[in-house]
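Q: Here you go, run.cif (mmCIF, N, CA and C atoms):
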```
data_structure
#
loop_
_atom_site.group_PDB
_atom_site.id
_atom_site.type_symbol
_atom_site.label_atom_id
_atom_site.label_comp_id
_atom_site.auth_asym_id
_atom_site.auth_seq_id
_atom_site.Cartn_x
_atom_site.Cartn_y
_atom_site.Cartn_z
ATOM 1 N N PHE A 1 33.857 128.438 157.306
ATOM 2 C CA PHE A 1 33.926 128.715 155.891
ATOM 3 C C PHE A 1 34.479 127.482 155.194
ATOM 4 N N GLN A 2 33.644 126.824 154.424
ATOM 5 C CA GLN A 2 34.004 125.591 153.724
ATOM 6 C C GLN A 2 34.594 125.929 152.357
ATOM 7 N N ARG A 3 35.737 125.380 152.085
ATOM 8 C CA ARG A 3 36.354 125.582 150.777
ATOM 9 C C ARG A 3 35.787 124.566 149.799
ATOM 10 N N GLY A 4 35.839 124.878 148.539
ATOM 11 C CA GLY A 4 35.207 124.037 147.530
ATOM 12 C C GLY A 4 36.107 122.955 146.968
ATOM 13 N N ILE A 5 35.572 122.286 145.973
ATOM 14 C CA ILE A 5 36.271 121.189 145.315
ATOM 15 C C ILE A 5 37.520 121.684 144.606
ATOM 16 N N HIS A 6 37.506 122.934 144.152
ATOM 17 C CA HIS A 6 38.681 123.488 143.473
ATOM 18 C C HIS A 6 39.885 123.519 144.404
ATOM 19 N N CYS A 7 39.650 123.859 145.637
ATOM 20 C CA CYS A 7 40.730 123.907 146.621
ATOM 21 C C CYS A 7 41.260 122.499 146.914
ATOM 22 N N GLN A 8 40.370 121.515 146.948
ATOM 23 C CA GLN A 8 40.805 120.132 147.168
ATOM 24 C C GLN A 8 41.643 119.629 146.003
ATOM 25 N N VAL A 9 41.196 119.910 144.797
ATOM 26 C CA VAL A 9 41.944 119.489 143.608
ATOM 27 C C VAL A 9 43.312 120.163 143.582
ATOM 28 N N LEU A 10 43.348 121.451 143.897
ATOM 29 C CA LEU A 10 44.612 122.172 143.934
ATOM 30 C C LEU A 10 45.550 121.588 144.996
ATOM 31 N N GLY A 11 45.009 121.233 146.147
ATOM 32 C CA GLY A 11 45.825 120.643 147.210
ATOM 33 C C GLY A 11 46.392 119.298 146.833
ATOM 34 N N VAL A 12 45.568 118.440 146.242
ATOM 35 C CA VAL A 12 46.041 117.121 145.811
ATOM 36 C C VAL A 12 47.087 117.278 144.708
ATOM 37 N N ALA A 13 46.829 118.155 143.749
ATOM 38 C CA ALA A 13 47.774 118.365 142.647
ATOM 39 C C ALA A 13 49.101 118.930 143.148
ATOM 40 N N THR A 14 49.047 119.876 144.067
ATOM 41 C CA THR A 14 50.278 120.455 144.615
ATOM 42 C C THR A 14 51.095 119.403 145.347
ATOM 43 N N HIS A 15 50.444 118.610 146.174
ATOM 44 C CA HIS A 15 51.136 117.566 146.915
ATOM 45 C C HIS A 15 51.749 116.544 145.958
ATOM 46 N N PHE A 16 50.980 116.102 144.974
ATOM 47 C CA PHE A 16 51.471 115.135 144.004
ATOM 48 C C PHE A 16 52.663 115.688 143.230
ATOM 49 N N LEU A 17 52.547 116.918 142.742
ATOM 50 C CA LEU A 17 53.622 117.490 141.921
ATOM 51 C C LEU A 17 54.902 117.718 142.719
ATOM 52 N N TRP A 18 54.792 118.116 143.989
ATOM 53 C CA TRP A 18 55.984 118.255 144.828
ATOM 54 C C TRP A 18 56.674 116.909 144.997
ATOM 55 N N LEU A 19 55.894 115.882 145.285
ATOM 56 C CA LEU A 19 56.478 114.555 145.463
ATOM 57 C C LEU A 19 57.069 114.028 144.162
ATOM 58 N N TRP A 20 56.410 114.310 143.042
ATOM 59 C CA TRP A 20 56.944 113.865 141.753
ATOM 60 C C TRP A 20 58.254 114.584 141.436
ATOM 61 N N ASN A 21 58.351 115.842 141.796
ATOM 62 C CA ASN A 21 59.584 116.601 141.623
ATOM 63 C C ASN A 21 60.718 115.963 142.428
ATOM 64 N N PHE A 22 60.453 115.594 143.670
ATOM 65 C CA PHE A 22 61.485 114.958 144.491
ATOM 66 C C PHE A 22 61.866 113.591 143.937
ATOM 67 N N SER A 23 60.912 112.859 143.395
ATOM 68 C CA SER A 23 61.217 111.553 142.794
ATOM 69 C C SER A 23 62.150 111.708 141.599
ATOM 70 N N TRP A 24 61.844 112.684 140.739
ATOM 71 C CA TRP A 24 62.711 112.913 139.578
ATOM 72 C C TRP A 24 64.082 113.408 140.005
ATOM 73 N N SER A 25 64.155 114.225 141.045
ATOM 74 C CA SER A 25 65.457 114.686 141.541
ATOM 75 C C SER A 25 66.294 113.512 142.029
ATOM 76 N N PHE A 26 65.647 112.571 142.719
ATOM 77 C CA PHE A 26 66.356 111.384 143.181
ATOM 78 C C PHE A 26 66.856 110.559 142.004
ATOM 79 N N ILE A 27 66.011 110.364 140.993
ATOM 80 C CA ILE A 27 66.417 109.576 139.830
ATOM 81 C C ILE A 27 67.561 110.250 139.087
ATOM 82 N N CYS A 28 67.506 111.554 138.929
ATOM 83 C CA CYS A 28 68.597 112.282 138.260
ATOM 84 C C CYS A 28 69.892 112.189 139.058
ATOM 85 N N SER A 29 69.784 112.289 140.367
ATOM 86 C CA SER A 29 70.978 112.167 141.212
ATOM 87 C C SER A 29 71.563 110.765 141.119
ATOM 88 N N TYR A 30 70.694 109.763 141.109
ATOM 89 C CA TYR A 30 71.154 108.390 140.975
ATOM 90 C C TYR A 30 71.835 108.176 139.620
ATOM 91 N N GLN A 31 71.276 108.776 138.567
ATOM 92 C CA GLN A 31 71.884 108.669 137.251
ATOM 93 C C GLN A 31 73.270 109.314 137.242
ATOM 94 N N MET A 32 73.411 110.479 137.832
ATOM 95 C CA MET A 32 74.713 111.142 137.882
ATOM 96 C C MET A 32 75.715 110.318 138.675
ATOM 97 N N LEU A 33 75.286 109.723 139.783
ATOM 98 C CA LEU A 33 76.165 108.864 140.562
ATOM 99 C C LEU A 33 76.669 107.695 139.721
ATOM 100 N N ARG A 34 75.753 107.047 138.996
ATOM 101 C CA ARG A 34 76.157 105.908 138.171
ATOM 102 C C ARG A 34 77.100 106.329 137.056
ATOM 103 N N VAL A 35 76.875 107.485 136.446
ATOM 104 C CA VAL A 35 77.749 107.950 135.366
ATOM 105 C C VAL A 35 79.121 108.307 135.908
ATOM 106 N N PHE A 36 79.180 109.005 137.034
ATOM 107 C CA PHE A 36 80.466 109.448 137.569
ATOM 108 C C PHE A 36 81.271 108.327 138.210
ATOM 109 N N THR A 37 80.629 107.284 138.667
ATOM 110 C CA THR A 37 81.361 106.174 139.289
ATOM 111 C C THR A 37 81.602 105.022 138.327
ATOM 112 N N ASN A 38 81.156 105.138 137.086
ATOM 113 C CA ASN A 38 81.360 104.100 136.094
ATOM 114 C C ASN A 38 82.830 104.062 135.700
ATOM 115 N N GLN A 39 83.429 102.879 135.717
ATOM 116 C CA GLN A 39 84.849 102.732 135.396
ATOM 117 C C GLN A 39 85.113 102.750 133.891
ATOM 118 N N THR A 40 84.154 102.310 133.114
ATOM 119 C CA THR A 40 84.318 102.302 131.665
ATOM 120 C C THR A 40 83.408 103.335 131.043
ATOM 121 N N ARG A 41 83.783 103.740 129.878
ATOM 122 C CA ARG A 41 82.983 104.730 129.174
ATOM 123 C C ARG A 41 81.748 104.058 128.586
ATOM 124 N N SER A 42 80.608 104.682 128.762
ATOM 125 C CA SER A 42 79.374 104.125 128.219
ATOM 126 C C SER A 42 78.593 105.213 127.505
ATOM 127 N N ARG A 43 77.591 104.793 126.755
ATOM 128 C CA ARG A 43 76.775 105.748 126.003
ATOM 129 C C ARG A 43 75.866 106.566 126.893
ATOM 130 N N GLY A 44 75.568 106.072 128.029
ATOM 131 C CA GLY A 44 74.679 106.790 128.924
ATOM 132 C C GLY A 44 73.982 105.826 129.855
ATOM 133 N N PHE A 45 73.242 106.370 130.771
ATOM 134 C CA PHE A 45 72.579 105.562 131.792
ATOM 135 C C PHE A 45 71.321 104.907 131.250
ATOM 136 N N ILE A 46 70.515 105.669 130.565
ATOM 137 C CA ILE A 46 69.260 105.150 130.023
ATOM 138 C C ILE A 46 69.489 104.890 128.538
ATOM 139 N N THR A 47 69.525 103.606 128.166
ATOM 140 C CA THR A 47 69.878 103.266 126.793
ATOM 141 C C THR A 47 68.690 102.803 125.960
ATOM 142 N N THR A 48 67.606 102.403 126.580
ATOM 143 C CA THR A 48 66.456 101.922 125.818
ATOM 144 C C THR A 48 65.187 102.642 126.266
ATOM 145 N N LYS A 49 64.174 102.565 125.417
ATOM 146 C CA LYS A 49 62.877 103.148 125.775
ATOM 147 C C LYS A 49 62.270 102.413 126.961
ATOM 148 N N HIS A 50 62.533 101.108 127.046
ATOM 149 C CA HIS A 50 62.021 100.315 128.163
ATOM 150 C C HIS A 50 62.586 100.831 129.491
ATOM 151 N N GLU A 51 63.882 101.125 129.522
ATOM 152 C CA GLU A 51 64.482 101.667 130.746
ATOM 153 C C GLU A 51 63.902 103.036 131.085
ATOM 154 N N MET A 52 63.674 103.848 130.075
ATOM 155 C CA MET A 52 63.110 105.172 130.307
ATOM 156 C C MET A 52 61.704 105.062 130.896
ATOM 157 N N TRP A 53 60.880 104.179 130.331
ATOM 158 C CA TRP A 53 59.524 104.009 130.857
ATOM 159 C C TRP A 53 59.549 103.446 132.269
ATOM 160 N N LYS A 54 60.538 102.627 132.565
ATOM 161 C CA LYS A 54 60.673 102.082 133.914
ATOM 162 C C LYS A 54 60.929 103.212 134.917
ATOM 163 N N PHE A 55 61.771 104.150 134.556
ATOM 164 C CA PHE A 55 62.050 105.275 135.448
ATOM 165 C C PHE A 55 60.875 106.239 135.540
ATOM 166 N N VAL A 56 60.175 106.468 134.444
ATOM 167 C CA VAL A 56 59.010 107.346 134.475
ATOM 168 C C VAL A 56 57.930 106.751 135.375
ATOM 169 N N CYS A 57 57.666 105.463 135.192
ATOM 170 C CA CYS A 57 56.643 104.803 136.023
ATOM 171 C C CYS A 57 57.068 104.746 137.483
ATOM 172 N N GLY A 58 58.359 104.512 137.725
ATOM 173 C CA GLY A 58 58.854 104.490 139.097
ATOM 174 C C GLY A 58 58.741 105.838 139.777
ATOM 175 N N SER A 59 59.030 106.898 139.032
ATOM 176 C CA SER A 59 58.937 108.235 139.620
ATOM 177 C C SER A 59 57.485 108.615 139.871
ATOM 178 N N PHE A 60 56.584 108.055 139.097
ATOM 179 C CA PHE A 60 55.159 108.340 139.219
ATOM 180 C C PHE A 60 54.519 107.540 140.356
ATOM 181 N N ALA A 61 55.041 106.335 140.604
ATOM 182 C CA ALA A 61 54.416 105.415 141.564
ATOM 183 C C ALA A 61 54.487 105.931 143.002
ATOM 184 N N LEU A 62 55.623 106.444 143.421
ATOM 185 C CA LEU A 62 55.763 106.916 144.806
ATOM 186 C C LEU A 62 54.785 108.042 145.133
ATOM 187 N N PRO A 63 54.706 109.104 144.335
ATOM 188 C CA PRO A 63 53.733 110.159 144.648
ATOM 189 C C PRO A 63 52.285 109.675 144.633
ATOM 190 N N VAL A 64 51.947 108.805 143.702
ATOM 191 C CA VAL A 64 50.579 108.276 143.652
ATOM 192 C C VAL A 64 50.273 107.500 144.925
ATOM 193 N N CYS A 65 51.221 106.675 145.372
ATOM 194 C CA CYS A 65 51.001 105.887 146.600
ATOM 195 C C CYS A 65 50.846 106.784 147.827
ATOM 196 N N VAL A 66 51.690 107.802 147.948
ATOM 197 C CA VAL A 66 51.629 108.687 149.114
ATOM 198 C C VAL A 66 50.326 109.478 149.131
ATOM 199 N N VAL A 67 49.952 110.071 148.012
ATOM 200 C CA VAL A 67 48.718 110.865 147.954
ATOM 201 C C VAL A 67 47.503 109.966 148.160
ATOM 202 N N SER A 68 47.499 108.786 147.559
ATOM 203 C CA SER A 68 46.384 107.850 147.749
ATOM 204 C C SER A 68 46.264 107.414 149.199
ATOM 205 N N THR A 69 47.398 107.189 149.848
ATOM 206 C CA THR A 69 47.383 106.813 151.261
ATOM 207 C C THR A 69 46.811 107.941 152.114
ATOM 208 N N CYS A 70 47.215 109.174 151.842
ATOM 209 C CA CYS A 70 46.686 110.318 152.598
ATOM 210 C C CYS A 70 45.176 110.447 152.406
ATOM 211 N N VAL A 71 44.731 110.358 151.163
ATOM 212 C CA VAL A 71 43.301 110.479 150.888
ATOM 213 C C VAL A 71 42.535 109.338 151.551
ATOM 214 N N GLY A 72 43.022 108.114 151.382
ATOM 215 C CA GLY A 72 42.345 106.959 151.974
ATOM 216 C C GLY A 72 42.301 107.005 153.488
ATOM 217 N N TYR A 73 43.395 107.421 154.106
ATOM 218 C CA TYR A 73 43.446 107.508 155.567
ATOM 219 C C TYR A 73 42.434 108.533 156.088
ATOM 220 N N HIS A 74 42.467 109.738 155.518
ATOM 221 C CA HIS A 74 41.559 110.787 155.985
ATOM 222 C C HIS A 74 40.098 110.437 155.675
ATOM 223 N N TYR A 75 39.858 109.808 154.543
ATOM 224 C CA TYR A 75 38.497 109.398 154.189
ATOM 225 C C TYR A 75 37.986 108.365 155.184
ATOM 226 N N HIS A 76 38.848 107.432 155.570
ATOM 227 C CA HIS A 76 38.456 106.395 156.534
ATOM 228 C C HIS A 76 38.258 106.976 157.933
ATOM 229 N N VAL A 77 39.176 107.822 158.372
ATOM 230 C CA VAL A 77 39.107 108.390 159.720
ATOM 231 C C VAL A 77 37.887 109.290 159.886
ATOM 232 N N THR A 78 37.555 110.069 158.867
ATOM 233 C CA THR A 78 36.410 110.983 158.962
ATOM 234 C C THR A 78 35.112 110.334 158.488
ATOM 235 N N LYS A 79 35.151 109.048 158.225
ATOM 236 C CA LYS A 79 33.982 108.286 157.781
ATOM 237 C C LYS A 79 33.352 108.875 156.505
ATOM 238 N N GLY A 80 34.201 109.234 155.564
ATOM 239 C CA GLY A 80 33.738 109.702 154.264
ATOM 240 C C GLY A 80 33.395 111.170 154.166
ATOM 241 N N ARG A 81 33.670 111.945 155.209
ATOM 242 C CA ARG A 81 33.319 113.368 155.172
ATOM 243 C C ARG A 81 34.427 114.250 154.623
ATOM 244 N N ASP A 82 35.676 113.746 154.603
ATOM 245 C CA ASP A 82 36.812 114.593 154.239
ATOM 246 C C ASP A 82 37.898 113.736 153.599
ATOM 247 N N ILE A 83 38.674 114.334 152.688
ATOM 248 C CA ILE A 83 39.787 113.605 152.081
ATOM 249 C C ILE A 83 41.141 114.110 152.581
ATOM 250 N N GLY A 84 41.144 115.091 153.463
ATOM 251 C CA GLY A 84 42.391 115.592 154.027
ATOM 252 C C GLY A 84 43.014 116.757 153.290
ATOM 253 N N TYR A 85 42.361 117.239 152.272
ATOM 254 C CA TYR A 85 42.860 118.373 151.488
ATOM 255 C C TYR A 85 41.747 119.404 151.361
ATOM 256 N N GLY A 86 42.111 120.690 151.414
ATOM 257 C CA GLY A 86 41.193 121.758 151.048
ATOM 258 C C GLY A 86 40.162 122.176 152.066
ATOM 259 N N LYS A 87 40.184 121.641 153.250
ATOM 260 C CA LYS A 87 39.192 122.061 154.241
ATOM 261 C C LYS A 87 39.676 123.296 155.002
ATOM 262 N N VAL A 88 40.916 123.300 155.415
ATOM 263 C CA VAL A 88 41.490 124.425 156.145
ATOM 264 C C VAL A 88 42.207 125.378 155.201
ATOM 265 N N ARG A 89 42.987 124.815 154.289
ATOM 266 C CA ARG A 89 43.702 125.593 153.271
ATOM 267 C C ARG A 89 43.824 124.719 152.030
ATOM 268 N N CYS A 90 44.284 125.253 150.958
ATOM 269 C CA CYS A 90 44.373 124.492 149.699
ATOM 270 C C CYS A 90 45.610 123.621 149.669
ATOM 271 N N TYR A 91 45.783 122.812 150.666
ATOM 272 C CA TYR A 91 46.869 121.845 150.768
ATOM 273 C C TYR A 91 46.455 120.823 151.806
ATOM 274 N N LEU A 92 47.381 120.137 152.405
ATOM 275 C CA LEU A 92 47.048 119.175 153.456
ATOM 276 C C LEU A 92 46.452 119.908 154.643
ATOM 277 N N ASP A 93 45.405 119.348 155.213
ATOM 278 C CA ASP A 93 44.722 119.995 156.341
ATOM 279 C C ASP A 93 45.410 119.733 157.672
ATOM 280 N N SER A 94 45.921 118.537 157.862
ATOM 281 C CA SER A 94 46.494 118.151 159.146
ATOM 282 C C SER A 94 47.966 118.548 159.234
ATOM 283 N N ALA A 95 48.354 119.105 160.372
ATOM 284 C CA ALA A 95 49.759 119.443 160.593
ATOM 285 C C ALA A 95 50.612 118.174 160.621
ATOM 286 N N LEU A 96 50.044 117.089 161.104
ATOM 287 C CA LEU A 96 50.759 115.814 161.140
ATOM 288 C C LEU A 96 51.032 115.315 159.720
ATOM 289 N N SER A 97 50.092 115.489 158.832
ATOM 290 C CA SER A 97 50.270 115.053 157.447
ATOM 291 C C SER A 97 51.352 115.864 156.741
ATOM 292 N N VAL A 98 51.418 117.138 157.055
ATOM 293 C CA VAL A 98 52.433 117.988 156.420
ATOM 294 C C VAL A 98 53.800 117.544 156.878
#
```
Written as structure tokens, that's how I'd like the structure from this file.

A:
Amino acid sequence: FQRGIHCQVLGVATHFLWLWNFSWSFICSYQMLRVFTNQTRSRGFITTKHEMWKFVCGSFALPVCVVSTCVGYHYHVTKGRDIGYGKVRCYLDSALSV
């Protein structure tokens, strides 16, 4: 029973969003560490729009790289027949990938 493109899209989106959630959790934890260990009083950790965009792009880059690597690896290994999502279930197909 072959699952459709909807299942693949759902699998890629779920994987990406989980990783993006962990990236933002790390950034928030890092921000709290910097605020609590700061010796002087400051206005906050992120003071400019440039710094904010740097953190948004950084949090976005890790999940994109991981998901792209998974898709590229499975596409290469299966010689273009599979992307590693949505064939067995609507998430990663390989137990090793999970």

Q: Can you work out the spacing between atom CA of A:Trp53 and atom CA of A:Leu19 in Å, to one decimal?

A: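 Interatomic distance, atom CA of A:Trp53 to atom CA of A:Leu19: 18.3 Å.
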
Q: In Å, rounded to a single decimal, give me how far atom CA of A:His76 is from atom C of A:Phe22.

A: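 So the two atoms, atom C of A:Phe22 and atom CA of A:His76, lie 27.5 Å apart.
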
Q: Would you compute the distance between atom N of A:Val12 and atom N of A:Thr78? Give it in Å to one decimal.

A: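 Distance reported for this atom pair: 17.1 Å.
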
Q: Identify which of the residues A:Phe16, A:Gln8, A:Ala61, A:Val56 lies closest to A:Gly84, counting only N, CA and C atoms when measuring atom-to-atom distances.

A: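 Closest to A:Gly84 of all the choices is A:Gln8.
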
Q: Among chain A, which residues carry a DSSP assignment of alpha helix (DSSP H), reported as a ChimeraX atom specification?

A: /A:5-37,49-77
